[in-house]
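my_file.cif (mmCIF, C-alpha atoms) appears below.
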```
data_protein
#
loop_
_atom_site.label_atom_id
_atom_site.label_comp_id
_atom_site.auth_asym_id
_atom_site.auth_seq_id
_atom_site.Cartn_x
_atom_site.Cartn_y
_atom_site.Cartn_z
CA MET A 926 75.63 99.43 108.48
CA PRO A 927 78.62 100.55 110.57
CA SER A 928 77.92 103.45 112.88
CA VAL A 929 79.98 106.59 112.54
CA SER A 930 83.26 106.05 114.28
CA SER A 931 86.84 106.32 113.24
CA VAL A 932 86.03 103.35 111.02
CA THR A 933 83.72 105.45 108.90
CA SER A 934 86.38 107.46 107.17
CA ALA A 935 88.49 104.37 106.67
CA THR A 936 85.52 102.63 105.11
CA ALA A 937 84.74 105.62 102.97
CA SER A 938 88.27 106.04 101.76
CA ARG A 939 88.75 102.35 101.14
CA ASP A 940 85.55 102.54 99.14
CA LEU A 941 86.91 105.51 97.24
CA VAL A 942 90.12 103.79 96.29
CA ASP A 943 88.84 100.26 95.73
CA ARG A 944 85.77 101.21 93.74
CA ALA A 945 86.51 100.66 90.08
CA PRO A 946 83.30 101.28 88.16
CA THR A 947 84.96 101.96 84.82
CA PRO A 948 84.63 99.33 82.09
CA ASP A 949 88.25 99.92 81.03
CA PRO A 950 90.26 96.87 82.15
CA VAL A 951 93.50 98.89 82.30
CA THR A 952 92.28 101.54 84.70
CA ALA A 953 90.19 99.04 86.66
CA ALA A 954 93.48 97.41 87.66
CA ASP A 955 94.79 100.68 89.10
CA PRO A 956 92.73 101.88 92.07
CA ALA A 957 94.30 105.34 92.12
CA THR A 958 93.38 106.02 88.50
CA ALA A 959 89.89 104.67 89.07
CA THR A 960 89.49 106.95 92.07
CA VAL A 961 90.54 110.05 90.22
CA ASP A 962 88.30 109.12 87.29
CA SER A 963 85.37 108.70 89.64
CA TRP A 964 86.02 112.09 91.25
CA ALA A 965 85.97 113.78 87.89
CA THR A 966 82.91 111.85 86.76
CA GLU A 967 80.96 112.39 89.99
CA TYR A 968 81.67 116.06 90.07
CA LEU A 969 80.81 116.73 86.45
CA ARG A 970 77.78 114.47 86.53
CA ALA A 971 76.32 115.85 89.74
CA ASP A 972 73.04 117.67 89.40
CA ASP A 973 72.11 120.85 91.22
CA THR A 974 70.40 118.98 94.04
CA GLU A 975 73.50 116.98 94.77
CA ARG A 976 75.73 120.04 94.71
CA HIS A 977 73.31 121.87 96.99
CA LEU A 978 73.32 118.96 99.43
CA VAL A 979 77.11 118.79 99.41
CA GLU A 980 77.22 122.48 100.32
CA ALA A 981 74.69 121.91 103.10
CA ALA A 982 76.72 118.92 104.34
CA ARG A 983 79.85 121.04 104.45
CA THR A 984 78.05 123.74 106.43
CA CYS A 985 76.79 121.19 108.96
CA ILE A 986 80.19 119.54 109.30
CA ALA A 987 81.88 122.91 109.83
CA ARG A 988 79.30 123.71 112.50
CA TRP A 989 78.96 120.42 114.39
CA GLY A 990 81.77 118.23 113.19
CA LEU A 991 81.56 115.09 111.13
CA ARG A 992 80.46 112.74 113.91
CA LYS A 993 77.55 114.86 115.07
CA THR A 994 76.22 115.68 111.63
CA SER A 995 73.23 113.58 110.70
CA LEU A 996 71.51 113.25 107.35
CA ASP A 997 68.47 114.92 108.92
CA ASP A 998 70.63 117.93 109.81
CA ILE A 999 71.71 118.16 106.20
CA ALA A 1000 68.11 117.91 105.00
CA ARG A 1001 67.12 120.76 107.31
CA GLU A 1002 70.07 122.90 106.30
CA ALA A 1003 69.38 122.32 102.62
CA GLY A 1004 65.65 122.83 103.02
CA VAL A 1005 64.77 119.53 101.38
CA GLY A 1006 62.93 116.44 102.49
CA ARG A 1007 64.61 113.39 104.04
CA ALA A 1008 63.80 111.30 101.01
CA THR A 1009 65.92 113.59 98.84
CA VAL A 1010 68.89 113.36 101.16
CA TYR A 1011 68.66 109.59 101.44
CA ARG A 1012 68.50 109.36 97.66
CA VAL A 1013 71.74 111.31 97.23
CA PHE A 1014 73.49 109.60 100.14
CA PRO A 1015 72.02 106.10 99.93
CA GLY A 1016 74.75 104.54 102.03
CA GLY A 1017 74.09 106.93 104.91
CA LYS A 1018 76.98 108.64 106.66
CA ASP A 1019 79.64 106.54 104.91
CA ARG A 1020 78.42 107.64 101.54
CA LEU A 1021 78.16 111.22 102.79
CA VAL A 1022 81.87 111.54 103.46
CA GLU A 1023 82.66 109.86 100.18
CA VAL A 1024 80.42 112.15 98.14
CA VAL A 1025 81.63 115.33 99.84
CA VAL A 1026 85.28 114.38 99.34
CA CYS A 1027 84.62 113.36 95.71
CA HIS A 1028 82.93 116.65 94.99
CA GLU A 1029 85.53 118.82 96.62
CA ALA A 1030 88.41 116.94 95.04
CA GLY A 1031 86.67 116.82 91.68
CA ARG A 1032 85.87 120.51 91.77
CA PHE A 1033 89.38 121.45 92.78
CA PHE A 1034 91.14 119.35 90.20
CA HIS A 1035 88.70 120.34 87.50
CA LEU A 1036 89.54 123.99 88.16
CA MET A 1037 93.25 123.28 88.48
CA HIS A 1038 93.50 121.25 85.30
CA ALA A 1039 93.09 124.21 82.96
CA GLU A 1040 95.48 126.36 84.98
CA LEU A 1041 98.11 123.65 85.00
CA ALA A 1042 97.69 122.87 81.31
CA ALA A 1043 98.40 126.54 80.55
CA ALA A 1044 101.82 126.51 82.28
CA ASP A 1045 104.62 127.03 79.80
CA THR A 1046 107.51 125.85 81.91
CA LEU A 1047 108.02 123.21 84.57
CA GLU A 1048 108.75 125.99 87.04
CA ASP A 1049 105.44 127.74 86.29
CA LEU A 1050 103.63 124.42 86.52
CA LEU A 1051 105.08 123.74 89.95
CA VAL A 1052 104.45 127.27 91.23
CA THR A 1053 100.83 127.12 90.10
CA GLY A 1054 100.24 123.63 91.44
CA VAL A 1055 101.91 124.15 94.81
CA THR A 1056 100.31 127.57 95.36
CA SER A 1057 96.80 126.44 94.46
CA THR A 1058 96.95 123.30 96.57
CA LEU A 1059 98.36 125.10 99.60
CA ARG A 1060 95.71 127.80 99.22
CA LEU A 1061 92.99 125.19 99.07
CA LEU A 1062 94.23 123.50 102.23
CA ALA A 1063 94.57 126.84 104.00
CA ASP A 1064 91.18 128.19 102.97
CA ASP A 1065 89.03 125.11 103.44
CA ASP A 1066 87.36 125.77 106.79
CA VAL A 1067 85.50 122.47 106.78
CA LEU A 1068 88.73 120.54 106.51
CA ALA A 1069 90.33 122.79 109.13
CA ALA A 1070 87.41 122.24 111.50
CA VAL A 1071 87.51 118.46 111.12
CA ILE A 1072 91.29 118.38 111.57
CA ARG A 1073 91.07 120.55 114.66
CA HIS A 1074 88.16 118.86 116.39
CA GLU A 1075 88.23 115.34 115.02
CA PRO A 1076 91.85 114.76 113.95
CA GLU A 1077 91.42 111.02 114.36
CA LEU A 1078 89.11 111.04 111.33
CA VAL A 1079 91.57 112.73 108.99
CA LEU A 1080 95.18 112.41 110.09
CA PRO A 1081 95.53 108.61 109.85
CA HIS A 1082 94.86 108.88 106.11
CA PHE A 1083 97.93 111.06 105.70
CA ALA A 1084 100.46 109.07 107.71
CA PHE A 1085 102.38 105.83 107.50
CA HIS A 1086 100.79 103.15 105.36
CA GLN A 1087 97.73 105.14 104.36
CA LEU A 1088 99.80 108.03 103.07
CA GLY A 1089 100.95 105.62 100.37
CA ARG A 1090 97.47 105.74 98.85
CA VAL A 1091 97.48 109.52 98.85
CA LEU A 1092 100.83 109.46 97.07
CA ASP A 1093 99.38 107.10 94.45
CA LEU A 1094 96.53 109.56 93.89
CA ALA A 1095 99.01 112.42 93.62
CA VAL A 1096 100.91 110.55 90.91
CA VAL A 1097 97.74 110.02 88.88
CA LEU A 1098 96.78 113.70 89.23
CA CYS A 1099 100.22 115.06 88.41
CA ARG A 1100 101.13 112.66 85.61
CA PRO A 1101 99.39 114.39 82.68
CA HIS A 1102 101.04 117.66 83.64
CA LEU A 1103 104.51 116.46 84.62
CA GLU A 1104 104.72 114.27 81.53
CA ARG A 1105 104.89 117.44 79.44
CA PHE A 1106 108.23 118.31 80.99
CA LEU A 1107 109.79 115.17 82.47
CA PRO A 1108 110.77 111.75 81.17
CA ALA A 1109 108.16 109.12 82.07
CA SER A 1110 110.41 107.37 84.59
CA ASP A 1111 110.84 110.59 86.57
CA VAL A 1112 107.13 111.32 86.95
CA ARG A 1113 106.42 109.11 89.96
CA PRO A 1114 109.34 110.28 92.14
CA ALA A 1115 108.56 113.87 91.17
CA ALA A 1116 104.85 113.62 91.98
CA GLU A 1117 105.55 111.92 95.30
CA LEU A 1118 108.00 114.63 96.30
CA LEU A 1119 105.56 117.38 95.39
CA ALA A 1120 102.77 115.67 97.32
CA ARG A 1121 104.98 115.36 100.40
CA VAL A 1122 105.94 119.03 100.20
CA VAL A 1123 102.36 120.21 99.81
CA LEU A 1124 101.06 117.99 102.60
CA THR A 1125 103.70 118.92 105.13
CA PHE A 1126 103.27 122.66 104.59
CA GLY A 1127 99.52 122.26 104.21
CA PHE A 1128 99.09 120.57 107.58
CA ARG A 1129 101.73 122.56 109.36
CA PRO A 1130 102.39 125.92 107.72
CA SER A 1131 105.71 127.65 108.03
CA ALA A 1132 106.37 131.35 107.57
CA TRP A 1133 108.88 130.82 104.79
CA VAL A 1134 106.40 128.96 102.57
CA ASP A 1135 103.54 131.42 102.11
CA PRO A 1136 100.99 130.58 99.39
CA SER A 1137 99.69 134.15 99.44
CA ASP A 1138 103.14 135.39 98.44
CA PRO A 1139 104.01 134.29 94.89
CA ALA A 1140 107.69 135.12 95.41
CA SER A 1141 107.83 132.76 98.39
CA ILE A 1142 106.52 129.81 96.40
CA ARG A 1143 108.66 130.61 93.40
CA ARG A 1144 111.71 130.59 95.67
CA LEU A 1145 110.74 127.23 97.15
CA VAL A 1146 110.23 125.81 93.67
CA SER A 1147 113.28 127.21 91.92
CA THR A 1148 115.75 126.72 94.78
CA TYR A 1149 114.71 123.42 96.31
CA LEU A 1150 112.23 121.59 94.09
CA LEU A 1151 113.22 122.07 90.46
CA PRO A 1152 116.75 120.72 90.97
CA ALA A 1153 115.23 117.76 92.84
CA LEU A 1154 113.01 116.92 89.85
CA THR A 1155 115.37 117.63 87.03
CA THR A 1156 118.50 115.93 88.29
CA SER A 1157 117.96 112.62 86.66
CA THR A 1158 116.95 110.01 89.21
CA THR A 1159 118.24 107.33 86.90
CA ASN A 1160 121.67 108.90 86.74
CA ASP A 1161 124.19 106.11 87.18
CA SER A 1162 126.88 108.41 88.51
CA TRP A 1163 125.34 108.02 91.98
CA GLU A 1164 126.50 104.42 91.85
CA THR A 1165 130.17 105.22 91.62
CA THR A 1166 130.45 107.58 94.61
CA MET B 1038 106.41 120.82 125.77
CA GLY B 1039 109.82 120.80 127.47
CA GLY B 1040 108.12 119.45 130.58
CA HIS B 1041 107.15 116.35 128.67
CA LEU B 1042 110.73 115.51 127.97
CA ASP B 1043 112.11 116.34 131.39
CA ASP B 1044 113.21 113.09 132.99
CA GLN B 1045 115.10 114.44 136.00
CA ASP B 1046 112.38 113.66 138.55
CA PRO B 1047 112.50 109.92 139.37
CA THR B 1048 108.83 109.71 140.38
CA ARG B 1049 107.77 111.39 137.17
CA CYS B 1050 110.03 109.01 135.25
CA ARG B 1051 108.51 106.03 136.96
CA ILE B 1052 105.00 107.17 136.13
CA ILE B 1053 105.89 107.87 132.50
CA GLU B 1054 107.43 104.44 132.13
CA ALA B 1055 104.39 102.87 133.73
CA ALA B 1056 102.15 104.81 131.36
CA TYR B 1057 104.16 103.60 128.40
CA ALA B 1058 104.02 100.01 129.66
CA CYS B 1059 100.23 100.31 129.80
CA LEU B 1060 100.11 101.76 126.28
CA ALA B 1061 102.29 98.96 125.00
CA ARG B 1062 100.19 96.30 126.68
CA ASP B 1063 96.65 97.66 126.38
CA GLY B 1064 96.78 100.22 123.60
CA VAL B 1065 95.81 103.87 123.89
CA GLY B 1066 92.10 103.14 124.00
CA ASP B 1067 92.29 100.85 127.03
CA THR B 1068 94.92 102.71 129.01
CA THR B 1069 93.46 104.11 132.23
CA VAL B 1070 94.79 106.20 135.09
CA GLU B 1071 93.96 103.30 137.42
CA GLY B 1072 96.06 100.97 135.28
CA ILE B 1073 98.96 103.41 135.32
CA VAL B 1074 98.66 103.90 139.09
CA ARG B 1075 98.84 100.16 139.60
CA GLU B 1076 101.72 99.71 137.16
CA ALA B 1077 103.74 102.53 138.72
CA GLY B 1078 103.10 101.39 142.29
CA VAL B 1079 102.48 104.94 143.51
CA SER B 1080 99.36 106.59 144.84
CA ARG B 1081 96.66 108.06 142.66
CA ALA B 1082 97.29 111.43 144.28
CA THR B 1083 100.95 111.26 143.31
CA VAL B 1084 100.03 110.59 139.70
CA TYR B 1085 97.55 113.46 139.52
CA ARG B 1086 99.98 115.83 141.20
CA ALA B 1087 102.61 115.04 138.59
CA PHE B 1088 100.08 115.00 135.75
CA PRO B 1089 97.18 117.30 136.54
CA GLY B 1090 95.93 116.82 132.99
CA GLY B 1091 95.04 113.23 133.90
CA ARG B 1092 94.74 110.47 131.33
CA ALA B 1093 95.17 112.73 128.33
CA GLU B 1094 98.38 114.24 129.66
CA LEU B 1095 99.71 110.81 130.68
CA VAL B 1096 99.09 109.38 127.23
CA SER B 1097 100.66 112.36 125.43
CA THR B 1098 103.69 112.27 127.70
CA ALA B 1099 104.16 108.53 127.29
CA VAL B 1100 103.97 108.87 123.50
CA ALA B 1101 106.43 111.78 123.56
CA HIS B 1102 108.73 109.69 125.72
CA ALA B 1103 108.58 106.82 123.24
CA VAL B 1104 109.39 109.19 120.38
CA VAL B 1105 112.39 110.58 122.26
CA GLU B 1106 113.57 107.02 122.94
CA PHE B 1107 113.15 106.18 119.27
CA PHE B 1108 115.38 109.04 118.15
CA ALA B 1109 117.91 108.40 120.90
CA GLY B 1110 118.18 104.83 119.67
CA LEU B 1111 118.43 106.08 116.11
CA ARG B 1112 121.27 108.35 117.10
CA SER B 1113 123.23 105.41 118.46
CA ASP B 1114 122.46 103.40 115.31
CA ILE B 1115 123.87 106.20 113.18
CA GLY B 1116 126.88 107.00 115.34
CA ASP B 1117 129.13 109.90 114.54
CA VAL B 1118 128.45 111.27 111.10
CA ALA B 1119 130.19 114.33 109.82
CA ASP B 1120 128.38 115.27 106.63
CA VAL B 1121 124.76 115.83 105.76
CA THR B 1122 124.71 113.37 102.86
CA THR B 1123 125.85 110.42 104.94
CA LEU B 1124 123.61 111.47 107.81
CA LEU B 1125 120.56 111.33 105.59
CA GLU B 1126 121.56 108.14 103.80
CA VAL B 1127 122.38 106.23 106.96
CA GLY B 1128 119.64 107.89 108.97
CA LEU B 1129 116.76 107.16 106.62
CA VAL B 1130 117.67 103.48 106.36
CA ALA B 1131 118.22 103.06 110.10
CA ALA B 1132 115.03 104.92 110.95
CA ARG B 1133 112.98 102.86 108.54
CA ARG B 1134 114.34 99.67 110.04
CA ARG B 1135 113.64 100.86 113.58
CA LEU B 1136 110.11 101.82 112.66
CA ASP B 1137 109.40 98.48 111.00
CA ASP B 1138 110.72 96.67 114.07
CA HIS B 1139 108.77 98.80 116.55
CA GLU B 1140 106.16 96.33 117.73
CA VAL B 1141 104.20 98.71 119.90
CA LEU B 1142 103.87 101.30 117.16
CA GLN B 1143 103.01 98.77 114.47
CA ARG B 1144 100.33 97.24 116.67
CA ALA B 1145 98.91 100.66 117.46
CA LEU B 1146 98.81 101.63 113.78
CA GLU B 1147 97.02 98.40 112.98
CA ALA B 1148 94.51 98.49 115.83
CA GLU B 1149 93.93 102.15 116.64
CA ALA B 1150 95.44 104.47 114.04
CA GLY B 1151 92.77 107.03 114.90
CA ARG B 1152 94.15 107.28 118.41
CA ILE B 1153 97.89 107.01 117.89
CA VAL B 1154 98.34 109.19 114.80
CA PRO B 1155 96.90 112.37 116.36
CA GLU B 1156 99.18 111.84 119.38
CA LEU B 1157 102.20 111.54 117.09
CA ALA B 1158 101.04 114.56 115.10
CA GLU B 1159 101.08 116.58 118.34
CA ILE B 1160 104.75 115.87 118.97
CA MET B 1161 105.99 115.96 115.37
CA PRO B 1162 106.70 119.73 115.32
CA VAL B 1163 109.19 119.24 118.16
CA VAL B 1164 110.80 116.36 116.29
CA VAL B 1165 111.03 118.39 113.06
CA ASP B 1166 112.76 121.21 114.92
CA LEU B 1167 115.25 118.88 116.61
CA LEU B 1168 116.01 117.13 113.34
CA ALA B 1169 116.30 120.45 111.51
CA ALA B 1170 118.83 121.64 114.11
CA GLU B 1171 120.96 118.53 113.49
CA LEU B 1172 120.79 119.04 109.75
CA ALA B 1173 121.49 122.77 109.96
CA GLY B 1174 124.64 122.09 111.94
CA ARG B 1175 125.99 119.93 109.15
CA LEU B 1176 124.80 122.17 106.36
CA ARG B 1177 126.97 124.93 107.77
CA THR B 1178 130.06 122.97 106.73
CA GLU B 1179 128.83 122.26 103.19
CA ARG B 1180 129.16 124.20 99.96
CA LEU B 1181 125.61 125.34 99.48
CA ARG B 1182 123.96 126.21 96.20
CA PRO B 1183 123.16 129.86 95.55
CA GLY B 1184 120.01 131.13 97.21
CA VAL B 1185 119.91 128.41 99.85
CA GLU B 1186 119.07 129.55 103.39
CA ILE B 1187 120.28 127.06 105.99
CA ALA B 1188 117.26 127.35 108.30
CA GLU B 1189 114.82 126.84 105.42
CA ALA B 1190 116.75 123.99 103.84
CA ALA B 1191 117.02 122.27 107.22
CA ASP B 1192 113.28 122.70 107.84
CA LEU B 1193 112.40 121.26 104.42
CA LEU B 1194 114.82 118.35 104.75
CA ALA B 1195 113.59 117.48 108.23
CA ARG B 1196 109.97 117.47 107.09
CA LEU B 1197 110.72 115.36 104.04
CA ALA B 1198 112.90 112.94 106.02
CA LEU B 1199 110.09 112.30 108.50
CA SER B 1200 107.59 111.87 105.69
CA LEU B 1201 109.89 109.33 104.03
CA ILE B 1202 110.59 107.44 107.22
CA GLY B 1203 106.89 106.99 107.89
CA THR B 1204 106.02 106.30 104.27
CA PRO B 1205 108.87 105.36 101.90
CA GLY B 1206 106.42 105.38 98.98
CA ASP B 1207 108.15 104.33 95.82
CA TRP B 1208 111.64 104.30 97.36
CA ASP B 1209 113.14 100.96 98.33
CA MET B 1210 115.06 101.79 101.51
CA ASP B 1211 116.75 98.38 101.39
CA ASP B 1212 118.46 99.31 98.12
CA PRO B 1213 121.55 101.46 98.81
CA ALA B 1214 121.61 102.73 95.24
CA ALA B 1215 118.00 103.90 95.55
CA VAL B 1216 118.75 105.62 98.85
CA ARG B 1217 121.71 107.40 97.24
CA ARG B 1218 119.50 108.57 94.36
CA LEU B 1219 116.88 109.77 96.83
CA VAL B 1220 119.31 111.68 99.03
CA ARG B 1221 121.71 113.07 96.45
CA GLY B 1222 119.46 113.25 93.40
CA GLN B 1223 116.38 114.57 95.13
CA LEU B 1224 116.61 115.77 98.71
CA LEU B 1225 119.98 117.52 98.50
CA ALA B 1226 119.94 118.35 94.79
CA GLY B 1227 118.82 121.92 95.39
CA VAL B 1228 120.75 122.37 98.59
CA VAL B 1229 124.32 121.19 98.23
CA GLU B 1230 126.75 121.78 95.36
CA ALA B 1231 127.34 118.52 93.49
#
```
Go ahead and render the structure in this file as structure tokens.
Amino acid sequence: MPSVSSVTSATASRDLVDRAPTPDPVTAADPATATVDSWATEYLRADDTERHLVEAARTCIARWGLRKTSLDDIAREAGVGRATVYRVFPGGKDRLVEVVVCHEAGRFFHLMHAELAAADTLEDLLVTGVTSTLRLLADDDVLAAVIRHEPELVLPHFAFHQLGRVLDLAVVLCRPHLERFLPASDVRPAAELLARVVLTFGFRPSAWVDPSDPASIRRLVSTYLLPALTTSTTNDSWETT
Amino acid sequence: MGGHLDDQDPTRCRIIEAAYACLARDGVGDTTVEGIVREAGVSRATVYRAFPGGRAELVSTAVAHAVVEFFAGLRSDIGDVADVTTLLEVGLVAARRRLDDHEVLQRALEAEAGRIVPELAEIMPVVVDLLAAELAGRLRTERLRPGVEIAEAADLLARLALSLIGTPGDWDMDDPAAVRRLVRGQLLAGVVEA
């Protein structure tokens, strides 16, 4: 079993994306869809013990960082025996990161889904989605702690080649919502753009994009993003310029 | 941060270049002060006087130096470009090509992403600001759509451009038609009057 190092997160995330437990041959061929499905399934299927342990894990990670957190620490924090912890995280530390990420992502997108489905216009959809995601990134102190103290464990997943996987996940998450307002061929470029916007302002906030100020996000969306999504990307007039 | 990019002092320059040579040869993980001292051919004391932060400061400075070189090279690739549309179209393609061809970076990303990416993340804010300044200059001569603020548009475009250069995603940067769609249909769609 690999020891915790910068390899751990890579292993965990590769696991996340490559794992395709669903029997559906269509989604099994698409790792991003399989990942999102597994988040939703894991989160909804988790029992109270698992949720409690995930909370305890988050507390430990916020306190000591990911590297220094051991399964025994989590057991102590949660007030359960080692056997319980090793049952929930059978793969050790690798599985720990995976489960925590799955839960957090699953919980977030589960909550978001209803909000997004209720949006009446593309503009409202974007404002809701961008605001909620930026808020999540701003308010998650565990993520902030890991980024600050152990950036090598997080940042590589959001840059260069590995960012491509995140964009694939973003497309899967956005598709059911964007499809309500955009032609199918525009969904991918739209989702990728939105993911890039959220990630850049999530990692490095700027005063003019303030998720606690609805007017700020609405301005960003209506001025800069809506035209970028609704100008047809298959418009042939670009060819003749 | 300005100190990192100051290359007036020849000794400092020499040390930075030596540090970069070590990074290129050994990777971040195996670069040592001793190695840099040897490569630069100066005394250990000289190195520590110039870089009191030691190994960490040397590595950060060498990475910053490489980034500055990258964009200087990109500038010469692009040449003189008057308008923001052409700047982005030519710039994204040239940058992507330069990045693909950058052996040292590609090797580092392959072998030690956990070490190189945080270093790049440290310097990115400076790069965004420099790029935004370039873009803002050209936006001033464009017919802008209502509600557009130059500083904000430039900030957004710079961030997105860097994101695209590092990760083109679904866009095929080798296809001029795709690049036109990206720049005119997406990036500038909300900024510049059609």
Could you produce a table of the residues of chain A lying within 9 Å of chain B, with the nearest pair of atoms per residue and their separation in Å rounded to one decimal, using all atoms listed in the file, ordered by chain and increasing residue number, as JSON lines?
```
{"residue": "A:Ser931", "atom": "CA", "partner": "B:Gly1151", "partner_atom": "CA", "distance": 6.2}
{"residue": "A:Val932", "atom": "CA", "partner": "B:Gly1151", "partner_atom": "CA", "distance": 8.6}
{"residue": "A:Pro1076", "atom": "CA", "partner": "B:Pro1155", "partner_atom": "CA", "distance": 6.1}
{"residue": "A:Glu1077", "atom": "CA", "partner": "B:Gly1151", "partner_atom": "CA", "distance": 4.2}
{"residue": "A:Leu1078", "atom": "CA", "partner": "B:Gly1151", "partner_atom": "CA", "distance": 6.5}
{"residue": "A:Val1079", "atom": "CA", "partner": "B:Gly1151", "partner_atom": "CA", "distance": 8.3}
{"residue": "A:Leu1080", "atom": "CA", "partner": "B:Pro1155", "partner_atom": "CA", "distance": 6.5}
{"residue": "A:Pro1081", "atom": "CA", "partner": "B:Val1154", "partner_atom": "CA", "distance": 5.7}
{"residue": "A:Ala1084", "atom": "CA", "partner": "B:Gly1203", "partner_atom": "CA", "distance": 6.8}
{"residue": "A:Phe1085", "atom": "CA", "partner": "B:Gly1203", "partner_atom": "CA", "distance": 4.7}
{"residue": "A:His1086", "atom": "CA", "partner": "B:Thr1204", "partner_atom": "CA", "distance": 6.2}
{"residue": "A:Gln1087", "atom": "CA", "partner": "B:Thr1204", "partner_atom": "CA", "distance": 8.4}
{"residue": "A:Leu1088", "atom": "CA", "partner": "B:Thr1204", "partner_atom": "CA", "distance": 6.6}
{"residue": "A:Gly1089", "atom": "CA", "partner": "B:Gly1206", "partner_atom": "CA", "distance": 5.6}
{"residue": "A:Arg1090", "atom": "CA", "partner": "B:Gly1206", "partner_atom": "CA", "distance": 9.0}
{"residue": "A:Leu1092", "atom": "CA", "partner": "B:Gly1206", "partner_atom": "CA", "distance": 7.2}
{"residue": "A:Asp1093", "atom": "CA", "partner": "B:Gly1206", "partner_atom": "CA", "distance": 8.5}
{"residue": "A:Arg1113", "atom": "CA", "partner": "B:Asp1207", "partner_atom": "CA", "distance": 7.8}
{"residue": "A:Pro1114", "atom": "CA", "partner": "B:Asp1207", "partner_atom": "CA", "distance": 7.1}
{"residue": "A:Ala1115", "atom": "CA", "partner": "B:Gln1223", "partner_atom": "CA", "distance": 8.8}
{"residue": "A:Glu1117", "atom": "CA", "partner": "B:Gly1206", "partner_atom": "CA", "distance": 7.6}
{"residue": "A:Leu1118", "atom": "CA", "partner": "B:Leu1197", "partner_atom": "CA", "distance": 8.2}
{"residue": "A:Arg1121", "atom": "CA", "partner": "B:Leu1197", "partner_atom": "CA", "distance": 6.8}
{"residue": "A:Val1122", "atom": "CA", "partner": "B:Leu1197", "partner_atom": "CA", "distance": 7.1}
{"residue": "A:Thr1125", "atom": "CA", "partner": "B:Arg1196", "partner_atom": "CA", "distance": 6.7}
{"residue": "A:Phe1126", "atom": "CA", "partner": "B:Arg1196", "partner_atom": "CA", "distance": 8.8}
{"residue": "A:Arg1129", "atom": "CA", "partner": "B:Pro1162", "partner_atom": "CA", "distance": 8.3}
{"residue": "A:Trp1133", "atom": "CA", "partner": "B:Glu1189", "partner_atom": "CA", "distance": 7.2}
{"residue": "A:Arg1144", "atom": "CA", "partner": "B:Gly1184", "partner_atom": "CA", "distance": 8.5}
{"residue": "A:Ser1147", "atom": "CA", "partner": "B:Gly1227", "partner_atom": "CA", "distance": 8.4}
{"residue": "A:Thr1148", "atom": "CA", "partner": "B:Gly1227", "partner_atom": "CA", "distance": 5.7}
{"residue": "A:Tyr1149", "atom": "CA", "partner": "B:Gly1227", "partner_atom": "CA", "distance": 4.5}
{"residue": "A:Leu1150", "atom": "CA", "partner": "B:Gly1227", "partner_atom": "CA", "distance": 6.7}
{"residue": "A:Leu1151", "atom": "CA", "partner": "B:Gly1227", "partner_atom": "CA", "distance": 7.5}
{"residue": "A:Pro1152", "atom": "CA", "partner": "B:Gly1227", "partner_atom": "CA", "distance": 5.0}
{"residue": "A:Ala1153", "atom": "CA", "partner": "B:Gln1223", "partner_atom": "CA", "distance": 4.1}
{"residue": "A:Leu1154", "atom": "CA", "partner": "B:Gln1223", "partner_atom": "CA", "distance": 6.7}
{"residue": "A:Thr1155", "atom": "CA", "partner": "B:Gln1223", "partner_atom": "CA", "distance": 8.7}
{"residue": "A:Thr1156", "atom": "CA", "partner": "B:Gly1222", "partner_atom": "CA", "distance": 5.8}
{"residue": "A:Ser1157", "atom": "CA", "partner": "B:Gly1222", "partner_atom": "CA", "distance": 6.9}
{"residue": "A:Thr1158", "atom": "CA", "partner": "B:Gly1222", "partner_atom": "CA", "distance": 5.9}
{"residue": "A:Thr1159", "atom": "CA", "partner": "B:Arg1218", "partner_atom": "CA", "distance": 7.7}
{"residue": "A:Asn1160", "atom": "CA", "partner": "B:Arg1218", "partner_atom": "CA", "distance": 7.9}
{"residue": "A:Asp1161", "atom": "CA", "partner": "B:Arg1218", "partner_atom": "CA", "distance": 8.9}
{"residue": "A:Trp1163", "atom": "CA", "partner": "B:Arg1218", "partner_atom": "CA", "distance": 6.3}
{"residue": "A:Glu1164", "atom": "CA", "partner": "B:Ala1214", "partner_atom": "CA", "distance": 6.2}
```
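When the distance limit is 7 Å and all atoms listed in the file are what count, the residues near Leu1129 in chain B, minus those fewer than 4 positions from it on the same chain, are Leu1125, Arg1133, Ala1198 and Ile1202 of chain B.
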Selected residues written out, C-alpha atoms, as a PDB file, keeping the file's coordinate frame:
```
ATOM      1  CA  LEU B1125     120.560 111.330 105.590  1.00  0.00           C
ATOM      2  CA  ARG B1133     112.980 102.860 108.540  1.00  0.00           C
ATOM      3  CA  ALA B1198     112.900 112.940 106.020  1.00  0.00           C
ATOM      4  CA  ILE B1202     110.590 107.440 107.220  1.00  0.00           C
TER       5      ILE B1202
END
```
The PyMOL selection byres ((chain B and resi 1059-1061) around 12) resolved against shown file, as a ChimeraX atom specification: /B:1052-1058,1062-1077,1092,1095-1100,1102-1103,1139-1145,1149,1152-1153
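Using all atoms listed in the file, the nearest neighbour of Asp1166 in chain B within the list A:Val1024, A:Val1052, A:Ala971, A:Ser1131 is A:Ser1131.
Around Phe1014 in chain A, within 12 Å and counting only C-alpha atoms, the residues found are Thr974, Glu975, Arg976, Leu978, Val979, Ala982, Ser995, Leu996, Asp997, Ile999, Ala1000, Arg1007, Ala1008, Arg1020, Leu1021, Val1022, Glu1023, Val1024 and Val1025 of chain A, once anything fewer than 6 positions away on its own chain is removed.
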Could you state which residues are captured by the PyMOL selection byres ((chain A and resi 1032-1039) around 8) in this file, as a ChimeraX atom specification? /A:965,968,1028-1031,1040-1043,1054,1057
